[in-house]
Amino acid sequence: MPETSRFPMAGRVPALCALTAALVVLLALPLYVSAFWLNMGLFAMAAAVGAIGLTILLGAAGQLSLGHAFFVAVGAYGYAFLAGESGGGVSGLGLPPLLAAVLAVLLAGVCGLLFSPVSSRLRGIYLGIASLGLVFLGHHLLQNMKPVTGGFEGRTVVPLSIGGFSFSDQADVTVLGVPFGAAESQWYLFLVVTVGAALLGRNVLRGRPGRALRLMKDSEIGASAMGVDIRRTKAAVFVLSSMYAGAAGVLTALAFQRTVPDYFSLHLSVSYLVMVILGGLGSVGGAIAGAVFVVTLPLLFSRYADSLPFVTGAGGQGLDASTAAQFVYGAVVIVAVIVQPGGLAALAGAVRPPRSRRPAAAAAP
Amino acid sequence: MTTTPTQTAAELRVEDVSVVFSGLRALDGVSFTVRPGTIHAVIGPNGAGKTTLLNALSGIYRVASGRIMVDGQEVTGLRPDRVARRGVARTFQNIVVSPVESTLDNLMVGRHRLTRSGIAATALGLGRGEQRVHEARVRDIAEFAGLSGVLDRPAASLAYGDLKRLEFARALCLEPRLLILDEPVAGMNTAESAELARLVSAARDALGLTVVFVEHDMGVVMSIADRITVLDFGKVVTDGTPEHVRQHPEVISAYLGAPMESGNDQVAERLS
């Protein structure tokens with residue numbers, strides 16, 4: 001790998017060790033922890049994939065999207081429709097699930113491409129406003145295209161299966177005495193997708209497109225004077241981000257085993273925004289960290305509601321867990337933007353040796 | 001840096017070019033020719049239209065009338081990225097770099113027009129071979145421009161003079177046939193200015209470039225320019241060798257101002 005010539009191996013050994021250790025822990029986890037924790041991990045990984053797409057769009061290219069939830073919905077419902085069987089008031093194509101998953105991601109990309117007349121012309125916050133409409137359009141379609149989406153109640157999602165192995169509770173597999181149900185087997189599936197998405201995203205950001213995007217964020221005229229086709233680049237990065245969102249949608253659908261329209265609201269778009277801002281704009285690792293934080297906090301709050309002050313379970317007197325979590329990450333975003341605009345990524349960079357430090361992206365546009 | 005020119009310098013012909021901003025004629029029928037391999041200065045007082053001319057040449061401003069020809073091919077009306085792809089590189093008066101990026105990454109952006117790997121190929125790691133080849137060349141150019149010591153530093157941490165040289169080096173990274181510099185030594189001290197002027201000359205000699213530059217520093221202009229076009233109020237005042245321009249009466253009046261009118265004296269009296 002060419003990085004070895006740019007960054008001497010000596011400086012990377014601690015990082016590689018940490019990465020290996022983390023990977024070992026992640027691989028061994030299903031053998032030791034309960035389905036609650038594994039499911040939480042699934043939701044976090046699904047969100048992480050979508051956040052990587054948004055951090056490329058917003059962090060590197062400076063293009064704001066509030067329509068991310070729309071493309072997540074396209075991925076989720078696309079998969080549910082393509083892989084699902086007809087019956088029970090909804091139709092489906094009954095395609096092999098793996099094919100359906102790939103097509104759902106491509107479908108999200110096509111939807112991103114259809115938006116390119118807008119995404120290639122607007123920049124920054126103006127694109128954010130324009131993409132806002134997609135969320136409402138999407139929500140309307142999800143409610144009303146009943147044969148495809150199942151309407152208000154949504155539709156169930158066929159579990160993924162590859163070569164006869166089903167990532168569901170039906171698979172009768174036991175590893176080291178641990179029965180591998182949906183949570184355990186999907187854990188590995190999601191891990192592969194997340195690591196793959198992270199590597200692809202990192203390559204894009206470190207390579208020729210990433211450099212062009214970052215100069216474009218700072219100066220469109222400057223980038224075009226280097227030969228960067230601004231409109232084409234903006235459209236392309238929007239399509240890429242849509243495909244990431246589509247993949248996140250497929251994973252989300254698989255994790256929930258059901259899709260309902262209300263999940264894909266503006267609130268989801270804003271959650272993704274919080275993830276990438278908290279994580280540090282333009283950083284893949286930051287996007288993953290931000291996603292883990294935003295997804296796990298409300299789940300942790302509700303699990304430990306009894307032992308936390310002010311937080312109660314359903315029907316109690318205090319704040320419910322998800323509201324409490326929103327207060328917390330609302331506060332954390334404010335503190336982060338003021339104190340450490342580079343987010344979690346910059347925080348990590350501060351403890352890394354300066355030689356290999358990648359400067360974290362600047363503050364939001 | 002290799003001393004054999006990798007390509008032939010371009011000829012630039014500006015034919016009767018006008019640029020109009022909502023009624024204001026910023027450029028009014030400007031014509032001049034830059035012969036291949038020469039260094040051509042554009043001078044004039046503030047507001048004369050010098051930067052407007054450079055922006056018109058690089059496709060940033062739309063030309064209202066007239067033609068711009070690079071090696072006989074018309075580039076009028078092309079978008080900036082298309083002009084860049086014809087081998088026209090430029091620097092900016094207000095430095096335009098990615099502040100958080102390293103010097104090396106800022107220079108690598110200059111290879112954009114010469115490299116191919118798109119988003120999909122780069123995502124799959126296919127752009128690395130190409131990147132390695134181009135990085136070697138970029139490092140050579142950085143050494144030529146005296147930036148070898150700061151390649152890994154974020155651009156924001158560079159001294160002003162280094163930033164100006166970074167922009168110059170990045171333009172060279174496009175392997176241009178025509179290099180456009182907008183006030184390359186503005187804000188530099190005398191020694192830095194002389195050094196950059198030397199770099200511009202050396203780059204022209206080594207790389208086979210045609211250079212068009214705008215500059216207020218007359219010392220630099222007179223030392224490296226083969227020919228000078230003088231603009232005032234969007235029109236060409238005169239065009240010729242440094243000796244010719246130095247003695248031209250209209251240039252002297254445009255630069256030093258016309259002899260004081262009595263009106264100014266009256267204003268001065270009222271103010272005192």
# chains A, B, ... in the order shown; residues from 1 in each chain; ligands from 1
>>> closest_atom_pairs(of="region 186-292 of chain A", to="region 125-139 of chain A", cutoff="10 Å", atoms="only C-alpha atoms", output="JSON lines")
{"residue": "A:Pro261", "atom": "CA", "partner": "A:His139", "partner_atom": "CA", "distance": 6.3}
{"residue": "A:Asp262", "atom": "CA", "partner": "A:His139", "partner_atom": "CA", "distance": 7.5}
{"residue": "A:Tyr263", "atom": "CA", "partner": "A:His139", "partner_atom": "CA", "distance": 9.4}
{"residue": "A:Phe264", "atom": "CA", "partner": "A:His139", "partner_atom": "CA", "distance": 7.1}
{"residue": "A:Ser265", "atom": "CA", "partner": "A:Val135", "partner_atom": "CA", "distance": 6.4}
{"residue": "A:Leu266", "atom": "CA", "partner": "A:Val135", "partner_atom": "CA", "distance": 6.1}
{"residue": "A:His267", "atom": "CA", "partner": "A:Val135", "partner_atom": "CA", "distance": 9.7}
{"residue": "A:Leu268", "atom": "CA", "partner": "A:Val135", "partner_atom": "CA", "distance": 9.5}
{"residue": "A:Ser269", "atom": "CA", "partner": "A:Val135", "partner_atom": "CA", "distance": 8.3}
>>> write_last_selection(atoms="N, CA and C atoms", output="CSV table (one decimal), in the first residue's frame")
chain,number,residue,atom,x,y,z
A,261,PRO,N,-43.2,4.2,8.0
A,261,PRO,CA,-42.9,5.5,7.4
A,261,PRO,C,-42.4,6.6,8.5
A,262,ASP,N,-43.0,6.5,9.7
A,262,ASP,CA,-42.7,7.6,10.6
A,262,ASP,C,-41.2,7.6,11.0
A,263,TYR,N,-40.5,6.5,10.8
A,263,TYR,CA,-39.1,6.5,11.2
A,263,TYR,C,-38.3,7.4,10.3
A,264,PHE,N,-38.7,7.5,9.0
A,264,PHE,CA,-37.9,8.2,8.0
A,264,PHE,C,-38.4,9.7,7.9
A,265,SER,N,-38.4,10.3,9.0
A,265,SER,CA,-38.8,11.7,9.1
A,265,SER,C,-37.6,12.7,9.1
A,266,LEU,N,-38.0,14.0,9.2
A,266,LEU,CA,-36.9,15.0,9.2
A,266,LEU,C,-36.0,14.7,10.4
A,267,HIS,N,-36.6,14.1,11.5
A,267,HIS,CA,-35.9,13.9,12.7
A,267,HIS,C,-34.7,12.9,12.4
A,268,LEU,N,-34.9,12.0,11.5
A,268,LEU,CA,-33.8,11.1,11.1
A,268,LEU,C,-32.7,11.9,10.4
A,269,SER,N,-33.1,12.8,9.5
A,269,SER,CA,-32.1,13.6,8.8
A,269,SER,C,-31.3,14.4,9.8
>>> interface_residues(of="chain B", to="chain A", cutoff="9 Å", atoms="only C-alpha atoms", output="ChimeraX atom specification")
/B:58-60,79-85,88-92,96-102,105-106,108-125,127-129,131-132,152,154,170-171,174
>>> atom_distance(atom1="CA of Ala28 (chain A)", atom2="CA of Ala348 (chain A)")
24.9 Å
>>> atom_distance(atom1="CA of Gly285 (chain A)", atom2="CA of Gly246 (chain A)")
19.6 Å
>>> atom_distance(atom1="CA of Ala22 (chain A)", atom2="CA of Ala291 (chain A)")
16.9 Å
>>> select_by_dssp(residues="region 91-149 of chain B", states="helix (DSSP H, G or I)", output="count of residues only")
34
>>> closest_atom_pairs(of="region 48-157 of chain A", to="region 270-277 of chain A", cutoff="9 Å", atoms="only C-alpha atoms", output="tab-separated table")
residue	atom	partner	partner_atom	distance
A:Ala48	CA	A:Met275	CA	8.4
A:Gly50	CA	A:Tyr272	CA	7.4
A:Ala51	CA	A:Tyr272	CA	5.8
A:Ile52	CA	A:Val276	CA	7.8
A:Leu54	CA	A:Val276	CA	7.0
A:Thr55	CA	A:Val276	CA	5.6
A:Leu58	CA	A:Val276	CA	8.4
A:Gly59	CA	A:Val276	CA	7.8
A:Leu64	CA	A:Leu273	CA	8.9
A:Ser65	CA	A:Leu273	CA	8.5
A:Leu66	CA	A:Val270	CA	7.0
A:His68	CA	A:Tyr272	CA	7.6
A:Ala69	CA	A:Tyr272	CA	8.3
>>> write_last_selection(atoms="C-alpha atoms", output="mmCIF file, in the first residue's frame")
data_model
loop_
_atom_site.group_PDB
_atom_site.id
_atom_site.type_symbol
_atom_site.label_atom_id
_atom_site.label_comp_id
_atom_site.auth_asym_id
_atom_site.auth_seq_id
_atom_site.Cartn_x
_atom_site.Cartn_y
_atom_site.Cartn_z
ATOM 1 C CA ALA A 48 -22.648 4.617 10.800
ATOM 2 C CA GLY A 50 -25.322 6.519 6.460
ATOM 3 C CA ALA A 51 -23.205 8.938 8.481
ATOM 4 C CA ILE A 52 -20.105 8.140 6.416
ATOM 5 C CA LEU A 54 -23.157 12.385 4.887
ATOM 6 C CA THR A 55 -19.714 13.271 6.188
ATOM 7 C CA LEU A 58 -21.128 17.771 4.100
ATOM 8 C CA GLY A 59 -17.679 17.477 5.624
ATOM 9 C CA LEU A 64 -25.589 20.212 3.235
ATOM 10 C CA SER A 65 -28.340 17.640 2.825
ATOM 11 C CA LEU A 66 -31.447 17.497 4.968
ATOM 12 C CA HIS A 68 -30.664 12.051 3.890
ATOM 13 C CA ALA A 69 -33.686 10.339 5.515
#
>>> closest_residue(among="A:Ala253, A:Ala287, A:Ala73, A:Ala83", to="Gln143 (chain A)", atoms="only C-alpha atoms")
A:Ala73
>>> closest_residue(among="A:Val25, A:Ile338, A:Ala44, A:Val250", to="Val294 (chain A)", atoms="only C-alpha atoms")
A:Ala44
>>> residues_around(residues="Gly181 (chain A)", least_positions_apart="3", cutoff="7 Å", atoms="only C-alpha atoms", output="list in words")
Ser168, Asp169, Ala171, Glu184 and Ser185 of chain A
